[in-house]
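Structure file protein.txt with compact mmCIF, C-alpha atoms:
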```
# COMPACT_ATOMS: atom_id res chain seq x y z
CA MET N 1 6.50 23.30 11.16
CA LYS N 2 6.05 20.33 13.47
CA LEU N 3 8.02 17.81 11.37
CA ALA N 4 10.78 19.97 9.92
CA GLY N 5 13.86 17.87 9.15
CA LYS N 6 12.13 14.55 9.74
CA VAL N 7 11.87 11.68 7.26
CA ALA N 8 8.61 9.74 7.03
CA ILE N 9 7.66 6.54 5.21
CA VAL N 10 3.97 6.23 4.32
CA THR N 11 2.66 2.97 2.85
CA GLY N 12 -0.41 2.65 0.66
CA THR N 13 -0.25 6.09 -0.96
CA SER N 14 -3.35 6.11 -3.13
CA PRO N 15 -5.12 9.49 -3.49
CA ASN N 16 -7.30 8.57 -0.52
CA ILE N 17 -6.13 8.17 3.10
CA GLY N 18 -2.47 7.37 2.45
CA GLY N 19 -2.03 10.16 -0.06
CA GLY N 20 -3.74 12.59 2.29
CA ILE N 21 -1.49 11.62 5.19
CA ALA N 22 1.64 11.84 3.02
CA GLU N 23 0.59 15.32 1.88
CA GLY N 24 -0.14 16.40 5.45
CA LEU N 25 3.23 15.22 6.74
CA ALA N 26 5.00 17.01 3.88
CA ASP N 27 3.09 20.22 4.63
CA GLU N 28 4.58 20.09 8.13
CA GLY N 29 8.12 19.83 6.78
CA ALA N 30 8.71 16.06 6.53
CA ARG N 31 10.55 14.48 3.62
CA VAL N 32 8.20 11.69 2.59
CA VAL N 33 8.89 8.26 1.12
CA CYS N 34 5.67 7.28 -0.68
CA VAL N 35 5.32 3.48 -0.88
CA ASP N 36 2.70 1.48 -2.74
CA VAL N 37 2.41 -1.84 -4.56
CA ALA N 38 1.07 0.17 -7.52
CA PRO N 39 3.97 2.18 -8.96
CA ASP N 40 1.66 5.01 -10.11
CA ASN N 41 0.36 5.54 -6.58
CA ALA N 42 3.89 5.78 -5.18
CA GLN N 43 5.34 8.00 -7.89
CA GLN N 44 2.37 10.32 -8.43
CA CYS N 45 2.07 10.92 -4.69
CA ALA N 46 5.78 11.81 -4.52
CA ASP N 47 5.57 13.99 -7.65
CA TRP N 48 2.59 15.89 -6.23
CA ILE N 49 4.44 16.60 -2.98
CA LYS N 50 7.43 17.89 -4.96
CA ARG N 51 5.21 20.09 -7.14
CA ARG N 52 3.85 21.63 -3.94
CA GLY N 53 7.36 22.48 -2.76
CA GLY N 54 8.11 19.44 -0.63
CA GLU N 55 10.69 16.70 -0.87
CA ALA N 56 9.59 13.14 -1.60
CA LEU N 57 10.59 9.79 -3.04
CA GLY N 58 8.26 7.21 -4.64
CA ILE N 59 9.00 3.50 -4.22
CA ALA N 60 6.96 0.56 -5.53
CA CYS N 61 7.00 -2.30 -3.02
CA ASP N 62 5.02 -5.45 -2.21
CA LEU N 63 4.93 -5.28 1.57
CA THR N 64 4.32 -9.02 1.91
CA ASP N 65 7.78 -9.72 0.44
CA GLU N 66 10.41 -9.23 3.14
CA ALA N 67 13.24 -8.75 0.65
CA GLN N 68 11.32 -5.91 -1.02
CA VAL N 69 10.58 -4.30 2.34
CA GLU N 70 14.26 -4.49 3.32
CA ALA N 71 15.23 -2.94 -0.02
CA MET N 72 12.64 -0.16 0.38
CA VAL N 73 13.89 0.74 3.86
CA ALA N 74 17.50 0.60 2.66
CA ARG N 75 16.70 2.99 -0.19
CA ALA N 76 15.06 5.42 2.22
CA ARG N 77 18.12 5.18 4.47
CA ASP N 78 20.55 5.65 1.59
CA THR N 79 18.59 8.66 0.32
CA TYR N 80 17.86 10.47 3.57
CA GLY N 81 20.11 8.83 6.18
CA VAL N 82 17.40 8.08 8.74
CA VAL N 83 13.71 7.35 9.08
CA ASP N 84 11.92 9.21 11.88
CA VAL N 85 8.30 8.28 11.13
CA LEU N 86 6.56 5.22 9.70
CA VAL N 87 2.87 5.27 8.81
CA ASN N 88 1.60 1.74 8.17
CA ASN N 89 -1.44 2.50 6.02
CA ALA N 90 -1.37 -0.10 3.22
CA GLY N 91 -4.26 -2.55 3.31
CA ILE N 92 -6.81 -4.48 1.30
CA LEU N 93 -10.38 -3.31 1.86
CA GLY N 94 -13.58 -5.29 1.71
CA GLY N 95 -14.20 -8.99 1.84
CA LEU N 96 -16.77 -11.70 2.30
CA SER N 97 -18.49 -13.53 5.13
CA VAL N 98 -16.84 -16.31 7.11
CA LEU N 99 -18.94 -18.83 5.14
CA GLU N 100 -17.90 -17.49 1.73
CA MET N 101 -14.30 -16.30 2.16
CA PRO N 102 -11.85 -18.32 0.02
CA LEU N 103 -8.66 -19.26 1.83
CA GLU N 104 -6.51 -17.63 -0.86
CA ARG N 105 -8.29 -14.28 -0.45
CA TRP N 106 -8.15 -14.57 3.36
CA ASN N 107 -4.41 -15.25 3.27
CA ARG N 108 -3.71 -12.35 0.92
CA GLN N 109 -5.75 -9.87 2.98
CA LEU N 110 -4.05 -10.86 6.24
CA ALA N 111 -0.65 -10.88 4.51
CA VAL N 112 -1.02 -7.28 3.35
CA ASN N 113 -2.87 -5.84 6.35
CA LEU N 114 -1.06 -7.67 9.16
CA THR N 115 2.18 -9.13 7.82
CA GLY N 116 3.00 -6.04 5.75
CA THR N 117 2.65 -3.87 8.86
CA PHE N 118 4.80 -6.31 10.83
CA LEU N 119 7.57 -6.33 8.20
CA CYS N 120 7.67 -2.55 7.83
CA THR N 121 7.68 -2.06 11.60
CA LYS N 122 10.41 -4.68 12.00
CA HIS N 123 12.81 -3.22 9.44
CA VAL N 124 12.12 0.47 10.09
CA GLY N 125 12.31 -0.28 13.81
CA ARG N 126 15.72 -1.92 13.34
CA LEU N 127 16.96 1.13 11.44
CA MET N 128 15.66 3.45 14.17
CA VAL N 129 17.44 1.40 16.84
CA GLU N 130 20.65 1.28 14.78
CA ARG N 131 20.64 5.06 14.23
CA LYS N 132 19.37 5.76 17.78
CA THR N 133 16.35 7.56 16.34
CA LYS N 134 13.58 8.38 18.80
CA GLY N 135 10.98 7.59 16.18
CA SER N 136 7.23 7.35 15.84
CA ILE N 137 5.40 4.43 14.21
CA ILE N 138 1.72 4.84 13.37
CA VAL N 139 -0.61 1.99 12.42
CA ILE N 140 -3.79 2.84 10.52
CA VAL N 141 -6.64 0.69 11.81
CA SER N 142 -10.39 1.10 11.14
CA THR N 143 -13.64 1.23 13.04
CA ALA N 144 -14.11 -2.25 11.54
CA GLY N 145 -11.23 -3.35 13.77
CA HIS N 146 -13.21 -2.36 16.86
CA GLN N 147 -16.60 -3.77 15.85
CA GLY N 148 -17.99 -6.78 14.06
CA GLN N 149 -19.20 -6.18 10.51
CA ALA N 150 -21.12 -8.78 8.54
CA GLY N 151 -19.56 -9.82 5.24
CA ASN N 152 -16.10 -8.50 6.09
CA ILE N 153 -14.38 -11.25 8.06
CA GLY N 154 -10.83 -10.77 6.75
CA TYR N 155 -10.75 -6.99 7.07
CA CYS N 156 -12.28 -6.95 10.56
CA THR N 157 -9.93 -9.69 11.75
CA SER N 158 -6.79 -8.08 10.38
CA LYS N 159 -7.66 -4.60 11.62
CA GLY N 160 -8.59 -5.93 15.04
CA GLY N 161 -5.23 -7.72 15.15
CA LEU N 162 -3.45 -4.47 14.37
CA LEU N 163 -4.82 -2.88 17.54
CA ASN N 164 -2.98 -5.36 19.73
CA PHE N 165 0.01 -5.47 17.38
CA THR N 166 0.34 -1.75 18.11
CA ARG N 167 0.28 -2.26 21.87
CA ALA N 168 2.74 -5.17 21.75
CA ALA N 169 5.15 -3.36 19.41
CA ALA N 170 4.93 -0.29 21.65
CA MET N 171 6.12 -2.41 24.58
CA ASP N 172 8.96 -3.93 22.52
CA LEU N 173 10.23 -0.57 21.32
CA ALA N 174 9.66 1.67 24.35
CA GLN N 175 13.13 0.91 25.72
CA HIS N 176 14.59 2.36 22.51
CA GLY N 177 12.59 5.59 22.72
CA ILE N 178 10.39 4.56 19.79
CA ARG N 179 6.67 5.24 20.13
CA VAL N 180 4.02 3.06 18.44
CA ASN N 181 0.41 4.21 18.22
CA SER N 182 -2.60 3.42 16.07
CA LEU N 183 -5.01 5.78 14.34
CA THR N 184 -8.59 4.71 13.67
CA PRO N 185 -10.40 6.20 10.67
CA THR N 186 -13.97 5.40 9.70
CA ALA N 187 -16.05 5.69 6.53
CA THR N 188 -14.43 8.62 4.76
CA ASP N 189 -15.87 11.41 2.66
CA ALA N 190 -14.80 10.69 -0.91
CA GLU N 191 -14.64 14.25 -2.27
CA GLU N 192 -11.11 15.09 -1.15
CA ALA N 193 -9.69 11.86 -2.56
CA MET N 194 -11.37 12.53 -5.90
CA GLU N 195 -9.95 16.05 -5.98
CA ARG N 196 -6.49 14.71 -5.14
CA ALA N 197 -6.72 12.13 -7.94
CA VAL N 198 -7.45 14.92 -10.42
CA ALA N 199 -4.56 16.98 -9.05
CA TRP N 200 -2.31 13.98 -9.66
CA GLY N 201 -3.41 14.00 -13.31
CA ARG N 202 -6.01 11.26 -13.22
CA THR N 203 -9.58 11.21 -14.50
CA ARG N 204 -11.99 12.16 -11.75
CA PRO N 205 -13.28 8.89 -10.20
CA GLN N 206 -16.97 8.15 -9.95
CA ARG N 207 -18.44 8.76 -6.51
CA ARG N 208 -19.45 5.51 -4.84
CA GLY N 209 -22.89 5.14 -3.31
CA GLY N 210 -23.61 4.50 0.36
CA LEU N 211 -21.64 7.30 2.01
CA LEU N 212 -24.71 9.39 2.77
CA ASP N 213 -26.08 6.56 4.89
CA PHE N 214 -22.84 6.51 6.90
CA GLN N 215 -23.04 10.28 7.28
CA LYS N 216 -26.48 10.00 8.87
CA MET N 217 -25.14 7.51 11.42
CA VAL N 218 -22.25 9.49 12.90
CA PRO N 219 -22.85 11.99 15.72
CA THR N 220 -21.01 14.84 13.99
CA GLY N 221 -23.35 14.66 10.99
CA ARG N 222 -20.46 14.60 8.53
CA LEU N 223 -17.70 12.17 7.68
CA PRO N 224 -13.98 12.82 8.12
CA SER N 225 -11.73 13.43 5.14
CA PRO N 226 -8.09 12.33 4.69
CA ARG N 227 -6.89 15.76 5.86
CA HIS N 228 -8.40 15.06 9.28
CA TYR N 229 -6.43 11.84 9.56
CA ALA N 230 -3.33 13.68 8.38
CA LYS N 231 -3.61 16.19 11.23
CA ALA N 232 -3.87 13.34 13.73
CA ALA N 233 -0.88 11.57 12.16
CA VAL N 234 1.17 14.78 12.34
CA PHE N 235 0.37 15.02 16.05
CA LEU N 236 1.36 11.41 16.74
CA ALA N 237 4.54 11.82 14.69
CA SER N 238 5.56 15.05 16.39
CA ASP N 239 7.25 15.80 19.68
CA ASP N 240 3.88 17.02 20.96
CA ALA N 241 3.04 13.31 21.50
CA GLU N 242 6.37 12.39 23.12
CA MET N 243 4.69 10.68 26.10
CA ILE N 244 2.04 8.82 24.09
CA THR N 245 2.62 5.19 23.11
CA GLY N 246 0.45 2.09 22.78
CA PHE N 247 -2.57 4.34 22.24
CA ASP N 248 -5.36 4.33 19.64
CA LEU N 249 -6.40 7.78 18.43
CA ARG N 250 -9.88 7.60 16.90
CA VAL N 251 -10.77 10.11 14.19
CA ASP N 252 -14.18 8.60 13.55
CA ALA N 253 -16.75 11.40 13.96
CA GLY N 254 -17.88 9.73 17.20
CA ALA N 255 -18.83 6.44 15.52
CA ILE N 256 -17.41 4.08 18.16
CA ALA N 257 -18.47 6.18 21.16
CA LYS N 258 -22.09 6.30 19.97
CA TYR N 259 -24.73 4.14 21.70
CA TRP N 260 -25.40 1.52 19.02
CA PRO N 261 -29.16 1.97 18.28
CA TRP N 262 -29.04 5.79 18.13
CA ILE N 263 -29.33 7.23 14.61
CA PRO N 264 -28.38 10.91 15.08
CA SER N 265 -30.11 12.10 11.90
CA ALA N 266 -33.41 10.71 13.18
```
As a first step, turn the structure in this file into C-alpha cells.
Amino acid sequence: MKLAGKVAIVTGTSPNIGGGIAEGLADEGARVVCVDVAPDNAQQCADWIKRRGGEALGIACDLTDEAQVEAMVARARDTYGVVDVLVNNAGILGGLSVLEMPLERWNRQLAVNLTGTFLCTKHVGRLMVERKTKGSIIVIVSTAGHQGQAGNIGYCTSKGGLLNFTRAAAMDLAQHGIRVNSLTPTATDAEEAMERAVAWGRTRPQRRGGLLDFQKMVPTGRLPSPRHYAKAAVFLASDDAEMITGFDLRVDAGAIAKYWPWIPSA
C-alpha cells in the first residue's frame, strides 16, 4: 500500500469529493483525520473508514477560525504523533455574478475557500517542520479556477487564487522537504457520492439536473467520479511524487485542454 503508516488530514469530508478522497487514502493504508464544519460529515466519514477496516478520526472544525484549526491539528498530533499528508478540500460552491454578489457572501466564500486553506497549510506545515516530516500538501482547486464562469464570481476568484497559493506555498516549504501541489477536478458524476451517502446511513439524495450537459462537453464522454480524484491524491501524497511540487494535476476529463468551441458529442 502506497500510504502505509502515514497520517492524512482531509478537510470537507462530505460523501462527495472529500469523502471519496478520504476513503481512497485509507484504502492505501493511511490513517485519516476527517474534518468538516458539519459534525455528521466528519464523524460519518471516519466511521465508514473504520467499518471498512481502516483507522480514522472525525473532527468538526470551522476552518475560518484559527483557534479551531490549531486545536484540530493539535488533536491529530496528539492522536497519531505526526501528520504526513494534508488535503485542503473544504470549500463553498456556487455563487452569483459580480453585480449581484453581497459582500457578506463574498467574504464568507473567500474565507472558507482561501483563508481556510491558508490556515490549515500554515498549522499543518508548522507541525511538519517541527517533526521534520517530509510531507505532502494537496490543494483541491476546480476547472472554475482556470476559466471564467458567469454567475460564479466568488468561487472562480477563490479557486483561481488557490492555484498561485499552491505555487507560493510550495516555494516556502521546499527547503523543509514539504511538497505542495494542487489537484483540479471538474463537474463530477453524482452517482458515487449518492452511493456513499447511503453507505453512511443517509437517505439517497436526489440527482441534480445538468450533469448530462457537462458530460457531452468533455472529450472523454464521461465525467470523473470522486474515486478518480482519490487515485490522483494518493499519487501526489505518495513517494512516487517525491520530485513533484508546485504542480497542478488536472483530473478533468480533458475539459481544460479542449479547444473551447468544440462539443465532442456533436
Near-Asp172 (chain N) list (12 Å; only C-alpha atoms; drop same-chain fewer than 6 positions) as a PyMOL selection string: chain N and resi 121-122+125-126+129+165-166+178-180+245-246
Shell of 8 Å around region 138-152 of chain N, all atoms listed in the file, local chain residues under 6 positions omitted, as a PyMOL selection string: chain N and resi 85-89+94-98+117+158-163+166+180-186+233+236-237+252+255-256
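Between CA of Gly177 (chain N) and CA of Met128 (chain N) lies a distance of 9.3 Å.
Rounded to one decimal, CA of Gly24 (chain N) and CA of Asn113 (chain N) lie 22.4 Å from each other.
Atom pair CA of Pro219 (chain N) / CA of Gln206 (chain N) has a distance of 26.6 Å (rounded to one decimal).
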Cut-off 12 Å around (-7.4, 15.8, -6.8) with all atoms listed in the file: residues as a PyMOL selection string: chain N and resi 14-16+19-20+23+44-45+48+190-205
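Checking N:Met243, N:Leu223, N:Ile49, N:Met217 one by one against Trp260 (chain N), counting all atoms listed in the file, you find the shortest gap at N:Met217.
Of the listed residues (N:Leu103, N:Leu127, N:Val10, N:Arg250), N:Arg250 comes nearest to Ala232 (chain N); the distances count all atoms listed in the file.
Nearest-residue note for Leu114 (chain N): choosing from N:Leu63, N:Ile153, N:Val73, N:Ala174, the minimum distance belongs to N:Leu63, counting only C-alpha atoms.
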Since the input lacks some atoms of region 26-37 of chain N, please model all heavy atoms and print them as a compact mmCIF listing (two decimals), in the frame of the given file.
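Result went into rebuild_5.txt, see below:
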```txt
# COMPACT_ATOMS: atom_id res chain seq x y z
N ALA N 26 4.12 16.14 4.68
CA ALA N 26 5.00 17.01 3.88
C ALA N 26 4.72 18.48 4.17
O ALA N 26 5.65 19.30 4.25
CB ALA N 26 4.82 16.72 2.39
N ASP N 27 3.45 18.83 4.34
CA ASP N 27 3.09 20.22 4.63
C ASP N 27 3.68 20.70 5.95
O ASP N 27 3.83 21.90 6.17
CB ASP N 27 1.57 20.39 4.65
CG ASP N 27 0.95 20.36 3.26
OD1 ASP N 27 1.71 20.43 2.27
OD2 ASP N 27 -0.28 20.25 3.17
N GLU N 28 3.97 19.74 6.85
CA GLU N 28 4.58 20.09 8.13
C GLU N 28 6.09 19.92 8.11
O GLU N 28 6.73 19.90 9.17
CB GLU N 28 3.95 19.25 9.25
CG GLU N 28 2.53 19.65 9.60
CD GLU N 28 2.44 21.04 10.25
OE1 GLU N 28 3.45 21.50 10.80
OE2 GLU N 28 1.35 21.65 10.19
N GLY N 29 6.67 19.80 6.91
CA GLY N 29 8.12 19.83 6.78
C GLY N 29 8.82 18.50 6.62
O GLY N 29 10.05 18.46 6.47
N ALA N 30 8.07 17.38 6.66
CA ALA N 30 8.71 16.06 6.53
C ALA N 30 9.10 15.78 5.09
O ALA N 30 8.40 16.19 4.15
CB ALA N 30 7.78 14.97 7.04
N ARG N 31 10.21 15.08 4.91
CA ARG N 31 10.55 14.48 3.62
C ARG N 31 9.87 13.12 3.60
O ARG N 31 10.05 12.33 4.53
CB ARG N 31 12.06 14.35 3.48
CG ARG N 31 12.77 15.71 3.37
CD ARG N 31 14.26 15.58 3.52
NE ARG N 31 14.62 15.33 4.92
CZ ARG N 31 15.87 15.11 5.34
NH1 ARG N 31 16.86 15.06 4.49
NH2 ARG N 31 16.10 14.91 6.62
N VAL N 32 9.11 12.84 2.57
CA VAL N 32 8.20 11.69 2.59
C VAL N 32 8.61 10.65 1.55
O VAL N 32 8.82 10.97 0.38
CB VAL N 32 6.75 12.14 2.35
CG1 VAL N 32 5.81 10.93 2.45
CG2 VAL N 32 6.33 13.21 3.35
N VAL N 33 8.70 9.40 2.00
CA VAL N 33 8.89 8.26 1.12
C VAL N 33 7.52 7.64 0.90
O VAL N 33 6.90 7.12 1.83
CB VAL N 33 9.86 7.23 1.73
CG1 VAL N 33 10.05 6.05 0.78
CG2 VAL N 33 11.20 7.89 2.05
N CYS N 34 7.01 7.75 -0.33
CA CYS N 34 5.67 7.28 -0.68
C CYS N 34 5.80 5.85 -1.22
O CYS N 34 6.46 5.64 -2.24
CB CYS N 34 5.05 8.19 -1.73
SG CYS N 34 5.03 9.94 -1.27
N VAL N 35 5.15 4.90 -0.56
CA VAL N 35 5.32 3.48 -0.88
C VAL N 35 3.98 2.87 -1.23
O VAL N 35 3.00 3.04 -0.50
CB VAL N 35 5.95 2.73 0.32
CG1 VAL N 35 6.09 1.25 0.01
CG2 VAL N 35 7.29 3.34 0.70
N ASP N 36 3.93 2.15 -2.35
CA ASP N 36 2.70 1.48 -2.74
C ASP N 36 3.04 0.31 -3.67
O ASP N 36 4.03 0.37 -4.40
CB ASP N 36 1.75 2.45 -3.45
CG ASP N 36 0.30 1.99 -3.43
OD1 ASP N 36 -0.02 1.05 -4.18
OD2 ASP N 36 -0.49 2.57 -2.67
N VAL N 37 2.21 -0.72 -3.64
CA VAL N 37 2.41 -1.84 -4.56
C VAL N 37 2.16 -1.42 -6.00
O VAL N 37 2.73 -1.99 -6.93
CB VAL N 37 1.52 -3.04 -4.16
CG1 VAL N 37 0.04 -2.74 -4.43
CG2 VAL N 37 1.96 -4.32 -4.86
```
